[in-house]
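Here's run-v2.txt, which has compact mmCIF, C-alpha atoms and all ligand atoms:
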```
# COMPACT_ATOMS: atom_id res chain seq x y z
CA MET E 1195 50.79 74.82 -39.38
CA SER E 1196 49.53 72.17 -36.97
CA THR E 1197 49.59 72.91 -33.24
CA PRO E 1198 51.94 70.57 -31.37
CA THR E 1199 50.03 68.12 -29.16
CA ARG E 1200 49.90 68.97 -25.50
CA LYS E 1201 51.03 66.06 -23.36
CA LYS E 1202 50.48 65.14 -19.74
CA VAL E 1203 53.46 65.99 -17.56
CA LEU E 1204 53.91 65.09 -13.90
CA VAL E 1205 56.33 67.28 -11.94
CA PHE E 1206 57.26 65.23 -8.85
CA ARG E 1207 59.61 67.71 -7.20
CA GLU E 1208 59.21 71.48 -7.34
CA LEU E 1209 60.78 73.30 -10.29
CA PRO E 1210 61.78 76.98 -10.31
CA PRO E 1211 58.86 79.12 -11.58
CA ASP E 1212 60.55 80.01 -14.89
CA GLN E 1213 61.10 76.35 -15.76
CA LEU E 1214 57.61 75.33 -14.66
CA ALA E 1215 56.27 78.08 -16.96
CA ARG E 1216 58.26 76.65 -19.90
CA LEU E 1217 56.54 73.31 -19.36
CA GLN E 1218 53.08 74.80 -18.80
CA ALA E 1219 53.34 76.77 -22.06
CA GLN E 1220 53.50 73.54 -24.03
CA HIS E 1221 51.94 70.80 -21.92
CA ASP E 1222 49.32 69.99 -19.30
CA VAL E 1223 51.23 69.92 -16.05
CA THR E 1224 50.40 68.40 -12.66
CA VAL E 1225 52.71 69.28 -9.78
CA ALA E 1226 52.61 66.68 -7.00
CA ASN E 1227 55.56 65.86 -4.77
CA PRO E 1228 54.85 62.47 -3.17
CA ARG E 1229 57.24 63.26 -0.33
CA LEU E 1230 55.19 66.24 0.83
CA PRO E 1231 52.27 65.75 3.21
CA GLY E 1232 48.97 65.22 1.40
CA GLN E 1233 50.41 65.14 -2.13
CA LEU E 1234 50.77 61.37 -2.61
CA PRO E 1235 47.18 60.81 -3.84
CA ALA E 1236 47.53 63.51 -6.54
CA PHE E 1237 50.90 62.03 -7.58
CA GLU E 1238 49.43 58.54 -7.83
CA ALA E 1239 46.40 59.77 -9.77
CA ALA E 1240 48.58 61.65 -12.26
CA LEU E 1241 50.71 58.56 -12.92
CA ALA E 1242 47.84 56.93 -14.79
CA THR E 1243 48.01 59.45 -17.64
CA ALA E 1244 51.54 60.86 -17.37
CA GLU E 1245 53.51 60.83 -20.61
CA GLY E 1246 56.45 62.70 -19.14
CA MET E 1247 57.78 63.02 -15.59
CA ILE E 1248 60.36 65.41 -14.15
CA GLY E 1249 61.81 65.53 -10.66
CA SER E 1250 64.31 63.87 -8.34
CA SER E 1251 64.91 62.16 -5.00
CA TYR E 1252 62.04 59.69 -5.25
CA PRO E 1253 62.39 55.99 -6.05
CA ILE E 1254 60.72 55.13 -9.36
CA GLY E 1255 60.66 51.35 -9.23
CA GLU E 1256 59.07 48.68 -11.35
CA ALA E 1257 55.72 48.68 -9.49
CA LEU E 1258 55.37 52.44 -9.81
CA LEU E 1259 56.23 52.31 -13.52
CA ALA E 1260 53.52 49.71 -14.04
CA ARG E 1261 51.01 52.32 -12.87
CA ALA E 1262 52.21 54.76 -15.56
CA PRO E 1263 51.25 52.98 -18.80
CA GLN E 1264 51.55 56.10 -21.01
CA LEU E 1265 55.00 57.10 -19.81
CA GLN E 1266 57.53 57.96 -22.54
CA VAL E 1267 60.19 59.93 -20.70
CA ILE E 1268 61.53 60.61 -17.21
CA SER E 1269 63.74 63.66 -16.81
CA SER E 1270 65.70 63.41 -13.60
CA VAL E 1271 66.95 66.63 -12.03
CA SER E 1272 70.11 64.82 -10.92
CA VAL E 1273 73.13 63.19 -12.49
CA GLY E 1274 72.81 59.99 -10.46
CA VAL E 1275 70.11 57.61 -11.71
CA ASP E 1276 70.06 55.07 -8.87
CA ASN E 1277 66.42 55.92 -8.07
CA TYR E 1278 65.15 54.46 -11.34
CA ALA E 1279 64.44 50.83 -12.30
CA LEU E 1280 66.70 50.83 -15.34
CA GLY E 1281 65.64 47.34 -16.50
CA ALA E 1282 61.94 48.21 -16.48
CA LEU E 1283 62.65 51.48 -18.35
CA ALA E 1284 64.66 49.58 -20.96
CA ALA E 1285 61.94 46.97 -21.43
CA ARG E 1286 59.48 49.74 -22.40
CA GLY E 1287 61.94 51.98 -24.26
CA ILE E 1288 61.25 54.79 -21.77
CA VAL E 1289 63.80 57.59 -22.15
CA LEU E 1290 65.72 58.49 -18.98
CA CYS E 1291 67.39 61.91 -19.01
CA HIS E 1292 69.70 63.37 -16.34
CA THR E 1293 71.84 66.45 -15.64
CA PRO E 1294 75.55 65.67 -16.06
CA GLY E 1295 78.14 68.43 -16.18
CA VAL E 1296 76.19 71.41 -14.85
CA LEU E 1297 76.67 70.26 -11.23
CA THR E 1298 80.24 69.01 -11.53
CA GLU E 1299 82.16 71.98 -10.11
CA THR E 1300 79.65 72.69 -7.31
CA THR E 1301 79.65 69.07 -6.15
CA ALA E 1302 83.45 69.04 -6.24
CA ASP E 1303 83.38 72.20 -4.07
CA THR E 1304 81.15 70.39 -1.56
CA ILE E 1305 83.44 67.38 -1.44
CA PHE E 1306 86.46 69.60 -0.98
CA SER E 1307 84.63 71.48 1.80
CA LEU E 1308 84.20 68.16 3.60
CA ILE E 1309 87.91 67.41 3.16
CA MET E 1310 88.75 70.77 4.74
CA ALA E 1311 86.09 70.53 7.45
CA THR E 1312 87.10 67.07 8.63
CA SER E 1313 90.86 67.68 8.48
CA ARG E 1314 90.81 71.06 10.20
CA ARG E 1315 87.84 70.22 12.49
CA LEU E 1316 86.03 73.32 11.29
CA VAL E 1317 82.53 72.49 12.52
CA GLU E 1318 83.74 71.37 15.93
CA LEU E 1319 85.94 74.45 16.38
CA ALA E 1320 83.28 76.86 15.15
CA SER E 1321 80.96 75.38 17.81
CA HIS E 1322 83.73 75.88 20.34
CA VAL E 1323 83.64 79.62 19.65
CA ARG E 1324 79.85 79.88 19.28
CA GLU E 1325 79.24 78.09 22.56
CA GLY E 1326 81.59 80.39 24.49
CA ARG E 1327 84.21 77.74 25.20
CA TRP E 1328 87.13 79.76 23.71
CA SER E 1329 88.60 80.85 27.02
CA ARG E 1330 92.31 80.33 26.27
CA ASN E 1331 94.56 79.61 23.31
CA ILE E 1332 93.70 76.21 21.93
CA GLY E 1333 96.06 73.34 22.64
CA GLU E 1334 96.98 70.13 20.87
CA ASP E 1335 93.71 68.51 21.82
CA LEU E 1336 92.02 70.79 19.28
CA PHE E 1337 94.71 70.87 16.58
CA GLY E 1338 93.80 69.80 13.06
CA TRP E 1339 95.60 67.93 10.30
CA ASP E 1340 97.17 69.52 7.23
CA VAL E 1341 95.33 69.04 3.95
CA HIS E 1342 98.02 70.34 1.58
CA GLY E 1343 100.51 67.68 0.62
CA LYS E 1344 98.36 64.77 1.79
CA THR E 1345 97.65 61.93 -0.64
CA LEU E 1346 94.05 61.97 -1.85
CA GLY E 1347 92.44 58.75 -3.10
CA ILE E 1348 89.35 59.21 -5.27
CA LEU E 1349 86.89 56.37 -5.84
CA GLY E 1350 85.28 57.06 -9.23
CA PHE E 1351 87.20 59.31 -11.58
CA GLY E 1352 84.55 60.76 -13.88
CA ARG E 1353 83.44 64.38 -14.17
CA ILE E 1354 83.20 65.11 -10.43
CA GLY E 1355 86.14 62.92 -9.39
CA GLN E 1356 88.42 64.77 -11.80
CA ALA E 1357 87.11 68.16 -10.64
CA VAL E 1358 87.98 67.18 -7.05
CA ALA E 1359 91.41 66.04 -8.27
CA ARG E 1360 92.06 69.41 -9.94
CA ARG E 1361 91.33 71.23 -6.67
CA ALA E 1362 93.58 68.83 -4.75
CA ALA E 1363 96.51 68.53 -7.16
CA LEU E 1364 96.62 72.06 -8.55
CA GLY E 1365 95.46 74.01 -5.49
CA PHE E 1366 96.76 71.99 -2.56
CA GLY E 1367 99.77 70.12 -3.95
CA MET E 1368 98.18 66.77 -3.16
CA PRO E 1369 99.29 63.63 -4.98
CA VAL E 1370 96.13 61.98 -6.32
CA LEU E 1371 95.34 58.28 -6.65
CA TYR E 1372 92.14 57.16 -8.31
CA HIS E 1373 90.16 53.99 -8.84
CA CYS E 1374 87.68 53.24 -11.62
CA ARG E 1375 87.08 50.31 -13.94
CA ARG E 1376 88.42 51.68 -17.21
CA PRO E 1377 91.63 53.66 -17.80
CA VAL E 1378 91.08 57.42 -18.08
CA ASP E 1379 92.74 59.33 -20.92
CA LEU E 1380 93.79 62.34 -18.88
CA ALA E 1381 95.34 64.04 -21.92
CA THR E 1382 91.78 64.37 -23.27
CA THR E 1383 89.67 64.82 -20.16
CA SER E 1384 91.92 66.77 -17.74
CA PRO E 1385 95.32 67.50 -19.32
CA GLU E 1386 96.31 69.62 -16.31
CA LEU E 1387 96.25 66.44 -14.20
CA ALA E 1388 98.74 64.57 -16.39
CA GLY E 1389 101.53 63.25 -14.16
CA LYS E 1390 99.62 64.31 -11.03
CA ALA E 1391 97.04 61.51 -10.78
CA THR E 1392 97.70 57.76 -10.78
CA ARG E 1393 95.23 54.93 -11.32
CA THR E 1394 95.45 52.11 -8.77
CA THR E 1395 93.43 49.15 -7.61
CA LEU E 1396 90.86 49.76 -4.90
CA ASP E 1397 93.00 48.03 -2.27
CA GLU E 1398 96.16 49.93 -3.15
CA LEU E 1399 94.30 53.24 -3.03
CA LEU E 1400 92.84 52.45 0.39
CA GLN E 1401 96.26 51.43 1.71
CA ARG E 1402 98.10 54.51 0.39
CA ALA E 1403 95.68 57.45 0.64
CA ASP E 1404 95.52 59.78 3.65
CA ILE E 1405 92.07 60.93 2.57
CA VAL E 1406 89.67 58.74 0.57
CA ALA E 1407 86.78 60.45 -1.24
CA ALA E 1408 84.00 58.45 -2.89
CA VAL E 1409 82.30 59.93 -5.95
CA LEU E 1410 81.07 57.01 -8.01
CA PRO E 1411 77.53 56.03 -9.01
CA LEU E 1412 75.44 53.71 -6.86
CA SER E 1413 74.95 50.46 -8.77
CA ALA E 1414 74.72 46.73 -8.04
CA GLU E 1415 78.54 46.71 -8.19
CA THR E 1416 79.14 49.65 -5.85
CA ARG E 1417 76.41 48.98 -3.25
CA GLY E 1418 78.23 48.26 0.01
CA LEU E 1419 81.61 48.81 -1.67
CA MET E 1420 83.08 50.29 1.53
CA GLY E 1421 82.68 47.61 4.20
CA GLU E 1422 84.64 46.30 7.16
CA ARG E 1423 87.47 44.91 5.01
CA GLU E 1424 87.85 48.15 3.06
CA PHE E 1425 87.81 50.44 6.12
CA GLY E 1426 90.30 48.05 7.69
CA LEU E 1427 92.70 48.57 4.78
CA MET E 1428 92.74 52.36 5.21
CA LYS E 1429 95.83 53.98 6.73
CA PRO E 1430 95.83 54.67 10.47
CA GLY E 1431 94.52 58.21 10.95
CA ALA E 1432 92.98 58.44 7.48
CA ILE E 1433 89.79 60.33 6.63
CA PHE E 1434 86.82 59.01 4.62
CA ILE E 1435 84.56 61.33 2.59
CA ASN E 1436 81.34 60.26 0.88
CA GLY E 1437 80.02 62.61 -1.82
CA ALA E 1438 78.44 59.83 -3.89
CA ARG E 1439 75.48 57.88 -2.48
CA GLY E 1440 74.99 56.60 1.07
CA ALA E 1441 74.45 52.98 0.08
CA ILE E 1442 77.97 52.55 -1.29
CA VAL E 1443 79.00 52.48 2.38
CA HIS E 1444 78.13 49.87 4.94
CA GLU E 1445 77.28 52.37 7.67
CA GLY E 1446 77.75 49.84 10.48
CA ALA E 1447 81.28 49.13 9.25
CA LEU E 1448 82.01 52.87 9.05
CA LEU E 1449 80.83 53.38 12.62
CA HIS E 1450 82.94 50.46 13.76
CA ALA E 1451 86.00 51.92 12.02
CA LEU E 1452 85.37 55.30 13.68
CA ASP E 1453 84.81 53.80 17.15
CA HIS E 1454 87.21 50.87 17.22
CA GLY E 1455 89.54 51.33 14.26
CA THR E 1456 91.96 54.09 13.45
CA LEU E 1457 89.84 56.26 11.16
CA ARG E 1458 90.40 59.92 12.08
CA ALA E 1459 87.10 61.28 10.77
CA ALA E 1460 84.38 60.96 8.17
CA GLY E 1461 82.73 63.68 6.08
CA LEU E 1462 79.38 62.57 4.74
CA ASP E 1463 77.01 64.35 2.39
CA VAL E 1464 74.90 61.26 1.71
CA PHE E 1465 73.39 58.45 3.77
CA ALA E 1466 71.74 55.09 3.24
CA THR E 1467 68.46 56.61 4.49
CA GLU E 1468 67.71 60.27 3.78
CA PRO E 1469 66.80 62.45 5.56
CA LEU E 1470 69.16 60.94 8.13
CA PRO E 1471 67.00 59.35 10.87
CA LEU E 1472 67.18 61.17 14.20
CA ASP E 1473 68.39 58.00 15.91
CA SER E 1474 71.28 57.44 13.49
CA PRO E 1475 74.57 57.40 15.46
CA LEU E 1476 76.19 59.14 12.48
CA ARG E 1477 74.14 62.29 13.19
CA THR E 1478 75.93 63.17 16.42
CA HIS E 1479 79.15 61.16 16.20
CA PRO E 1480 82.04 63.42 17.28
CA LYS E 1481 84.23 62.25 14.38
CA VAL E 1482 81.55 62.80 11.72
CA THR E 1483 80.78 65.94 9.76
CA ALA E 1484 77.34 65.27 8.30
CA LEU E 1485 75.66 67.39 5.62
CA PRO E 1486 72.06 67.11 4.38
CA HIS E 1487 72.87 65.97 0.80
CA ILE E 1488 73.94 69.39 -0.47
CA GLY E 1489 76.40 68.32 -3.19
CA SER E 1490 74.79 70.46 -5.89
CA ALA E 1491 72.68 72.71 -3.65
CA THR E 1492 73.56 76.25 -4.70
CA PHE E 1493 71.17 78.74 -6.31
CA GLU E 1494 73.14 78.79 -9.55
CA THR E 1495 73.62 75.07 -9.93
CA ARG E 1496 70.15 73.93 -8.91
CA HIS E 1497 68.75 76.39 -11.44
CA ALA E 1498 71.11 75.17 -14.17
CA MET E 1499 70.03 71.58 -13.39
CA ALA E 1500 66.36 72.55 -13.67
CA VAL E 1501 66.99 74.28 -17.02
CA LEU E 1502 68.79 71.25 -18.45
CA ALA E 1503 66.19 68.80 -17.10
CA THR E 1504 63.32 70.89 -18.49
CA SER E 1505 65.01 71.13 -21.89
CA ASN E 1506 65.60 67.35 -21.86
CA LEU E 1507 61.92 66.73 -21.16
CA LEU E 1508 60.63 69.19 -23.76
CA GLN E 1509 62.96 67.75 -26.40
CA ALA E 1510 61.93 64.16 -25.66
CA LEU E 1511 58.22 65.01 -25.73
CA ALA E 1512 58.75 66.73 -29.09
CA GLY E 1513 60.31 63.53 -30.46
CA GLU E 1514 63.82 65.02 -30.52
CA ARG E 1515 66.93 63.54 -28.96
CA PRO E 1516 67.41 65.30 -25.60
CA ASP E 1517 70.71 66.96 -24.67
CA ALA E 1518 71.46 64.47 -21.90
CA VAL E 1519 70.02 60.97 -22.20
CA PHE E 1520 71.27 58.36 -19.75
CA ASN E 1521 69.92 55.24 -21.46
CA LEU E 1522 70.44 56.04 -25.13
CA GLU E 1523 70.97 52.38 -26.07
CA THR E 1524 67.50 51.34 -24.86
CA ALA E 1525 65.52 54.57 -25.31
CA ALA E 1526 62.85 54.67 -27.98
CA ILE E 1527 64.13 57.83 -29.73
P1 LIG A 1 80.60 60.07 -14.05
O1 LIG A 1 81.26 61.17 -14.83
O2 LIG A 1 79.77 59.07 -14.77
O3 LIG A 1 81.75 59.32 -13.21
C1 LIG A 1 81.55 58.14 -12.53
C2 LIG A 1 82.90 57.50 -12.24
O4 LIG A 1 82.70 56.33 -11.42
C3 LIG A 1 83.63 57.03 -13.50
O5 LIG A 1 85.00 57.28 -13.33
C4 LIG A 1 83.37 55.55 -13.52
O6 LIG A 1 84.42 54.92 -14.22
C5 LIG A 1 83.39 55.23 -12.02
N1 LIG A 1 82.71 54.00 -11.68
C6 LIG A 1 81.47 53.60 -12.06
N2 LIG A 1 81.23 52.36 -11.58
C7 LIG A 1 82.35 51.98 -10.92
C8 LIG A 1 82.71 50.80 -10.22
N3 LIG A 1 81.88 49.77 -10.12
N4 LIG A 1 83.93 50.75 -9.65
C9 LIG A 1 84.78 51.78 -9.76
N5 LIG A 1 84.49 52.93 -10.42
C10 LIG A 1 83.28 53.02 -10.98
O7 LIG A 1 79.65 60.68 -12.94
P2 LIG A 1 79.79 62.06 -12.12
O8 LIG A 1 79.05 63.13 -12.85
O9 LIG A 1 81.22 62.26 -11.75
O10 LIG A 1 78.90 61.68 -10.83
C11 LIG A 1 79.30 60.59 -10.02
C12 LIG A 1 78.24 60.29 -8.94
O11 LIG A 1 78.27 61.30 -7.96
C13 LIG A 1 76.78 60.29 -9.43
O12 LIG A 1 76.42 59.06 -9.99
C14 LIG A 1 76.01 60.60 -8.17
O13 LIG A 1 75.59 59.42 -7.53
C15 LIG A 1 77.03 61.30 -7.28
N6 LIG A 1 76.63 62.71 -7.05
C16 LIG A 1 76.35 63.10 -5.78
C17 LIG A 1 75.97 64.41 -5.54
C18 LIG A 1 75.66 64.88 -4.16
O14 LIG A 1 74.76 65.69 -3.99
N7 LIG A 1 76.38 64.43 -3.15
C19 LIG A 1 75.87 65.32 -6.60
C20 LIG A 1 76.16 64.88 -7.87
C21 LIG A 1 76.55 63.57 -8.09
P3 LIG A 1 84.28 53.45 -14.86
O15 LIG A 1 82.95 53.40 -15.54
O16 LIG A 1 85.48 53.35 -15.76
O17 LIG A 1 84.39 52.51 -13.72
```

When written as structure tokens, how does the structure in this file appear?
Amino acid sequence: MSTPTRKKVLVFRELPPDQLARLQAQHDVTVANPRLPGQLPAFEAALATAEGMIGSSYPIGEALLARAPQLQVISSVSVGVDNYALGALAARGIVLCHTPGVLTETTADTIFSLIMATSRRLVELASHVREGRWSRNIGEDLFGWDVHGKTLGILGFGRIGQAVARRAALGFGMPVLYHCRRPVDLATTSPELAGKATRTTLDELLQRADIVAAVLPLSAETRGLMGEREFGLMKPGAIFINGARGAIVHEGALLHALDHGTLRAAGLDVFATEPLPLDSPLRTHPKVTALPHIGSATFETRHAMAVLATSNLLQALAGERPDAVFNLETAAI
């Protein structure tokens, strides 16, 4: 029996030890996270021979791909693939894998946490207690806004959007509106939502929803989707939640809507620039609940993502079709 060939693998964001060991058992692995101090040179050197890459949260553009002439597969430890130059990958038949499904429920939990936190002013009121300002029963100035019964509008109605809708419709009695390009066959994907979720145009959703939650991929079409016009269409006193990608929002327009419009609050897990710059007005804005991109960040889910991404990479390097390929139509498998 011939020994399978060991290939060169570049791990560009830390993997849990058990998954790193799976890779090291079969391949020659370099771990170099270009975002960490001092590791960029090792990352750049490893590109020259890398046949497989695994990681997340780093832009892999055309120029970087040109420096990786041996590359056959990138396994992203994320479901979103906006960091990758899809055209350049397609031109070379490079396989792009991702981690759909395993993070769906956790990300929906995060988005629902932001709905609760913004509506009931949880962070602000917890600080009120922590800072010793709870000296009398709170008055109207600190009251929140009911979540149950409010109309929730969801931008993007795929795996995560539908998981948010289940929490809202089944747990909180919220009518759900959603916007996406193609009709969704709820009887197949989420039968429990039949009759509880209605597809609308973007404008109708913005005009009717009390809470708007974005959970669609960042693409050329969705970049800047929420701008001045869109925030202006939202109901007076409505809340905006972003659990997708920062760049789908024009952050200047959001700030304007918070300061000069009638937006009640915004709950943001993602930002145009991450980590959020210290001088960003969104960081300390009294109407904003900002999280450090934690959509999928639980022990269980991050591990499940690493397992799926590692399996994807091992399968692709073995010449098999990986469990979760994003660009099947252009991948050389
Ligand atoms: P998915 O199952 O592919 O769902 C994406 C949804 O967006 C689909 O309903 C799709 O429907 C819709 N969509 C795509 N382009 C659109 C457009 N131009 N206009 C309107 N709707 C559009 O993906 P998912 O697993 O739910 O993940 C969604 C996104 O969430 C990811 O791409 C990622 O960026 C983000 N995410 C964030 C975190 C976090 O940490 N905050 C974690 C996980 C995922 P149509 O194709 O019919 O339009």

Please report the interatomic distance between atom CA of Val1341 of chain E and atom CA of Ala1491 of chain E in Å with one decimal.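 Taking atom CA of Val1341 of chain E and atom CA of Ala1491 of chain E, their separation equals 24.2 Å.
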
Glu1318 of chain E: which residues within 10 Å, counting only C-alpha atoms, same-chain residues fewer than 6 positions away excluded, as a list in words?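 The neighbour list is Ala1311, Thr1312, Arg1324, Leu1336, Pro1480, Lys1481, Val1482 and Thr1483 of chain E.
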
Give the centre and edge lengths of an axis-aligned box, in Å to one decimal, that holds all listed atoms of ligand LIG 1 (chain A) with 3 Å on each side, as lines of an AutoDock Vina configuration file.
```
center_x = 80.1
center_y = 57.7
center_z = -9.5
size_x = 16.7
size_y = 21.9
size_z = 18.6
```

Ligand LIG 1 (chain A): which residues are within 8 Å, counting all atoms listed in the file? Reply as a PDB file with C-alpha atoms, keeping the file's coordinate frame.
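Once everything was written out, this is selection-v2.pdb:
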```pdb
ATOM      1  CA  SER E1272      70.110  64.820 -10.920  1.00  0.00           C
ATOM      2  CA  VAL E1273      73.130  63.190 -12.490  1.00  0.00           C
ATOM      3  CA  GLY E1274      72.810  59.990 -10.460  1.00  0.00           C
ATOM      4  CA  VAL E1275      70.110  57.610 -11.710  1.00  0.00           C
ATOM      5  CA  ASP E1276      70.060  55.070  -8.870  1.00  0.00           C
ATOM      6  CA  PRO E1294      75.550  65.670 -16.060  1.00  0.00           C
ATOM      7  CA  GLY E1295      78.140  68.430 -16.180  1.00  0.00           C
ATOM      8  CA  LEU E1297      76.670  70.260 -11.230  1.00  0.00           C
ATOM      9  CA  THR E1298      80.240  69.010 -11.530  1.00  0.00           C
ATOM     10  CA  THR E1301      79.650  69.070  -6.150  1.00  0.00           C
ATOM     11  CA  THR E1304      81.150  70.390  -1.560  1.00  0.00           C
ATOM     12  CA  ILE E1305      83.440  67.380  -1.440  1.00  0.00           C
ATOM     13  CA  LEU E1349      86.890  56.370  -5.840  1.00  0.00           C
ATOM     14  CA  GLY E1350      85.280  57.060  -9.230  1.00  0.00           C
ATOM     15  CA  PHE E1351      87.200  59.310 -11.580  1.00  0.00           C
ATOM     16  CA  GLY E1352      84.550  60.760 -13.880  1.00  0.00           C
ATOM     17  CA  ARG E1353      83.440  64.380 -14.170  1.00  0.00           C
ATOM     18  CA  ILE E1354      83.200  65.110 -10.430  1.00  0.00           C
ATOM     19  CA  GLY E1355      86.140  62.920  -9.390  1.00  0.00           C
ATOM     20  CA  GLN E1356      88.420  64.770 -11.800  1.00  0.00           C
ATOM     21  CA  HIS E1373      90.160  53.990  -8.840  1.00  0.00           C
ATOM     22  CA  CYS E1374      87.680  53.240 -11.620  1.00  0.00           C
ATOM     23  CA  ARG E1375      87.080  50.310 -13.940  1.00  0.00           C
ATOM     24  CA  ARG E1376      88.420  51.680 -17.210  1.00  0.00           C
ATOM     25  CA  PRO E1377      91.630  53.660 -17.800  1.00  0.00           C
ATOM     26  CA  VAL E1378      91.080  57.420 -18.080  1.00  0.00           C
ATOM     27  CA  VAL E1409      82.300  59.930  -5.950  1.00  0.00           C
ATOM     28  CA  LEU E1410      81.070  57.010  -8.010  1.00  0.00           C
ATOM     29  CA  PRO E1411      77.530  56.030  -9.010  1.00  0.00           C
ATOM     30  CA  LEU E1412      75.440  53.710  -6.860  1.00  0.00           C
ATOM     31  CA  SER E1413      74.950  50.460  -8.770  1.00  0.00           C
ATOM     32  CA  GLU E1415      78.540  46.710  -8.190  1.00  0.00           C
ATOM     33  CA  THR E1416      79.140  49.650  -5.850  1.00  0.00           C
ATOM     34  CA  ASN E1436      81.340  60.260   0.880  1.00  0.00           C
ATOM     35  CA  GLY E1437      80.020  62.610  -1.820  1.00  0.00           C
ATOM     36  CA  ALA E1438      78.440  59.830  -3.890  1.00  0.00           C
ATOM     37  CA  ARG E1439      75.480  57.880  -2.480  1.00  0.00           C
ATOM     38  CA  ASP E1463      77.010  64.350   2.390  1.00  0.00           C
ATOM     39  CA  VAL E1464      74.900  61.260   1.710  1.00  0.00           C
ATOM     40  CA  HIS E1487      72.870  65.970   0.800  1.00  0.00           C
ATOM     41  CA  ILE E1488      73.940  69.390  -0.470  1.00  0.00           C
ATOM     42  CA  GLY E1489      76.400  68.320  -3.190  1.00  0.00           C
ATOM     43  CA  SER E1490      74.790  70.460  -5.890  1.00  0.00           C
ATOM     44  CA  ALA E1491      72.680  72.710  -3.650  1.00  0.00           C
TER      45      ALA E1491
END
```

Considering only C-alpha atoms, return as a PyMOL selection string whatever protein or nucleic-acid residues lie within 12 Å of Leu1476 of chain E, sequence-local ones (same chain, fewer than 2 positions apart) excluded. chain E and resi 1440+1445-1450+1452-1453+1459-1467+1470-1474+1478-1485

Grab the atom CA of Gly1389 of chain E to atom CA of Leu1371 of chain E distance for me, in Å with one decimal place.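 Rounded to one decimal, the two atoms are 10.9 Å apart.
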
Selection: 12 Å around Leu1234 of chain E, all atoms listed in the file, excl. self and same-chain fewer than 5 positions, as a list in words: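 My reading of the contact set: Phe1206, Arg1207, Val1225, Ala1226, Asn1227, Pro1228, Arg1229, Ala1239, Ala1240, Leu1241 and Tyr1252 of chain E.
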
What would the list of residues within 12 Å of (63.4, 55.5, -19.9) (file frame) look like as number ranges by chain, if only C-alpha atoms are what count? E: 1245-1248, 1254-1256, 1259, 1264-1270, 1275, 1278-1292, 1507, 1510, 1519-1527

Name the residues in contact with Gly1338 of chain E at a cut-off of 10 Å, using all atoms listed in the file, excluding same-chain residues fewer than 5 positions from it; report them as a list in words. Met1310, Ala1311, Thr1312, Ser1313, Arg1314, Arg1315, Leu1316 and Leu1319 of chain E

In Å, with one decimal, what is the gap from atom CA of Leu1214 of chain E to atom CA of Asn1277 of chain E?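 Taking atom CA of Leu1214 of chain E as the start and atom CA of Asn1277 of chain E as the end point, the length is 22.3 Å.
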